[in-house]
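Below: the structure, in structure tokens.
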Amino acid sequence: MKNFSTDTFFNGYIKIKQNRSGYRFSIDAVLLAYHAGKCPGGRILDLGTGCGIIPLIMAYRNPKLTVYGIEIQKELADIATINVKSNNMENQITILCRDMKELNYDMISGPVDMVVSNPPYWKVLSGRMNPDQQRAVARHEIKATHFDVIETARRMLRTSGRFITVYSSDRITDIITQMRSFNIEPKFLRTIHSNGNSEAKLILVEGIKGGRPGVTIASPLIIYHEDGSYTSEVKQMFLPSRSYRLSDN
């Protein structure tokens, strides 16, 4: 696989192949996986799994999880499948090359406890379209819109199941409005900032299918110190410690 790099995560406990020139996961996925890993749920669905980084992180943290990664781009789905096998997680993670809009219970043996997604942030006609097709699909709503993501979450979640996403902060109204319209009540919001003096660029959003109104707004998540190093909270997300594993609680 000459066009691929092999990167490590959790001090080498997880090895991840990625396309050198195409889509590569970012810290957004790490933030999402860390937050979602602290929430209850035995069966997880990751919409737009890319190279499979979110299922790999969550399954490593909690060996009792069953995770399904859905990816419409065949090359990325193939890479995710290789990553699952090379990390010996076939008993926990299943990668499916599917259009999320066509997903149904039969494909994953019933409803799930949690849906996570790090979806494309930009509308098709907004911003500069990346000439690389993989990156363009990952960043712009070419194959799936936020409407598709939330509608799929509603369809696949059990009642009281959780939907968790990281999204562009300037589209917060879009996503919250859409969640409520699909009976996924927003319950948790957390803004994400590059440093302590910057505006929020991202936001973590969590909702519960059929939940009651009432939302918690958490303290801001700061990624970097002024010197460019990670804050202590973000450093923790990259450590191999399994101290918060749900199986130990």
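Ordered as shown in the structure tokens, chains take letters A, B, and onward, while each chain numbers its residues from 1 and ligands are numbered from 1 in the order shown.
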
Residue contacts of Leu32 (chain A) (9 Å, only C-alpha atoms) excluding same-chain residues fewer than 6 positions away, as a PyMOL selection string: chain A and resi 54+116-118+164-166+204

Quick one: residues within 8 Å of Asp7 (chain A), only C-alpha atoms, excluding same-chain residues fewer than 3 positions away - as number ranges by chain? A: 15-18

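Atom pair CA of Arg154 (chain A) / CA of Glu206 (chain A) has a distance of 13.0 Å (rounded to one decimal).
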
Using only C-alpha atoms: which of A:Gly12, A:Gly48, A:Gly69, A:Gly42 has the shortest distance to Asn87 (chain A): A:Gly12

Assign secondary structure with DSSP using the backbone only, and return the residues of region 71-105 of chain A in strand (DSSP E) as a CSV table (one decimal) with C-alpha atoms, in the first residue's frame.
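For reference, part_18.csv as written:
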```csv
chain,number,residue,atom,x,y,z
A,93,ILE,CA,-16.3,-3.6,14.9
A,94,THR,CA,-18.1,-4.1,11.6
A,95,ILE,CA,-17.5,-1.8,8.7
A,96,LEU,CA,-20.2,-1.5,6.1
```

Give me, please, the distance in Å between CA of Pro63 (chain A) and CA of Asn91 (chain A), quoted to one decimal. 9.5 Å

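For region 162-235 of chain A, the set of residues given alpha helix (DSSP H) by DSSP on the backbone reads Ile172, Thr173, Asp174, Ile175, Ile176, Thr177, Gln178, Met179, Arg180, Ser181, Ser232, Glu233, Val234 and Lys235 of chain A.
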
Using the selection just defined, write its residues with N, CA and C atoms as a JSON list (two decimals), in the first residue's frame.
```
[["chain", "number", "residue", "atom", "x", "y", "z"],
["A", 172, "ILE", "N", -24.96, 25.86, 14.35],
["A", 172, "ILE", "CA", -25.59, 25.28, 15.54],
["A", 172, "ILE", "C", -27.11, 25.35, 15.45],
["A", 173, "THR", "N", -27.63, 26.44, 14.92],
["A", 173, "THR", "CA", -29.10, 26.55, 14.81],
["A", 173, "THR", "C", -29.66, 25.49, 13.89],
["A", 174, "ASP", "N", -28.96, 25.23, 12.78],
["A", 174, "ASP", "CA", -29.41, 24.20, 11.84],
["A", 174, "ASP", "C", -29.53, 22.84, 12.51],
["A", 175, "ILE", "N", -28.47, 22.47, 13.23],
["A", 175, "ILE", "CA", -28.44, 21.10, 13.76],
["A", 175, "ILE", "C", -29.40, 20.93, 14.92],
["A", 176, "ILE", "N", -29.51, 21.92, 15.80],
["A", 176, "ILE", "CA", -30.43, 21.81, 16.93],
["A", 176, "ILE", "C", -31.88, 21.80, 16.46],
["A", 177, "THR", "N", -32.19, 22.65, 15.51],
["A", 177, "THR", "CA", -33.56, 22.69, 14.96],
["A", 177, "THR", "C", -33.91, 21.36, 14.32],
["A", 178, "GLN", "N", -32.96, 20.80, 13.56],
["A", 178, "GLN", "CA", -33.22, 19.54, 12.88],
["A", 178, "GLN", "C", -33.36, 18.39, 13.88],
["A", 179, "MET", "N", -32.53, 18.38, 14.92],
["A", 179, "MET", "CA", -32.63, 17.34, 15.93],
["A", 179, "MET", "C", -34.01, 17.33, 16.57],
["A", 180, "ARG", "N", -34.48, 18.49, 16.99],
["A", 180, "ARG", "CA", -35.78, 18.54, 17.65],
["A", 180, "ARG", "C", -36.90, 18.13, 16.71],
["A", 181, "SER", "N", -36.78, 18.50, 15.43],
["A", 181, "SER", "CA", -37.83, 18.14, 14.47],
["A", 181, "SER", "C", -37.90, 16.63, 14.24],
["A", 232, "SER", "N", -4.22, 20.06, 29.18],
["A", 232, "SER", "CA", -4.18, 18.80, 29.91],
["A", 232, "SER", "C", -5.39, 17.93, 29.58],
["A", 233, "GLU", "N", -6.54, 18.53, 29.37],
["A", 233, "GLU", "CA", -7.74, 17.75, 29.04],
["A", 233, "GLU", "C", -7.59, 17.05, 27.70],
["A", 234, "VAL", "N", -7.06, 17.76, 26.72],
["A", 234, "VAL", "CA", -6.89, 17.16, 25.40],
["A", 234, "VAL", "C", -5.76, 16.12, 25.41],
["A", 235, "LYS", "N", -4.69, 16.37, 26.15],
["A", 235, "LYS", "CA", -3.62, 15.38, 26.28],
["A", 235, "LYS", "C", -4.17, 14.04, 26.76]]
```

Can you pull out every residue within 10 Å of Ser198 (chain A), counting only C-alpha atoms, but drop anything in the same chain fewer than 5 positions away, and send it as a PDB file with C-alpha atoms, in the first residue's frame?
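File written: part_29.pdb
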```
ATOM      1  CA  ILE A 192     -14.681  23.964  21.261  1.00  0.00           C
ATOM      2  CA  HIS A 193     -11.988  26.641  20.981  1.00  0.00           C
ATOM      3  CA  ILE A 222      -9.840  24.544  24.912  1.00  0.00           C
TER       4      ILE A 222
END
```

When you look at Met58 (chain A) with a cut-off of 10 Å (counting only C-alpha atoms), what residues show up, excluding the ones that are within fewer than 6 positions of it in the same chain? I need them as a count of residues only. 16

Would you compute the distance between CA of Ile70 (chain A) and CA of Lys201 (chain A)? Give it in Å to one decimal.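 One can read the CA of Ile70 (chain A) to CA of Lys201 (chain A) distance as 25.7 Å.
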
With only C-alpha atoms as the counted atoms, please give the residues lying no more than 6 Å from Pro111 (chain A), apart from itself and same-chain residues fewer than 5 positions off, as a ChimeraX atom specification. /A:105,156-158

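Using only C-alpha atoms for every distance, the candidate list A:Gly50, A:Val215, A:Leu221, A:Asn83 yields A:Gly50 as the residue closest to Ser26 (chain A).
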
Closest to Arg43 (chain A) among A:Ser229, A:Asn19, A:Ser109, A:Asn11, using only C-alpha atoms?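 Looking only at the distances to Arg43 (chain A), the closest residue turns out to be A:Ser109.
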
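Restricting the calculation to only C-alpha atoms, the smallest distance between Pro240 (chain A) and any of A:Leu189, A:Ile14, A:Ile223, A:Leu47 is found for A:Ile14.
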
So that I can check the surroundings of Gly210 (chain A), please list as JSON, numbers by chain every protein, DNA and RNA residue that reaches within 7 Å of it, counting only C-alpha atoms and ignoring chain neighbours fewer than 6 positions away. {"A": [159, 160, 183, 184, 185]}

Could you give me, as a PyMOL selection string, the residues within 7 Å of Gln73 (chain A), counting only C-alpha atoms and dropping anything in the same chain fewer than 3 positions from it? chain A and resi 76-77+97
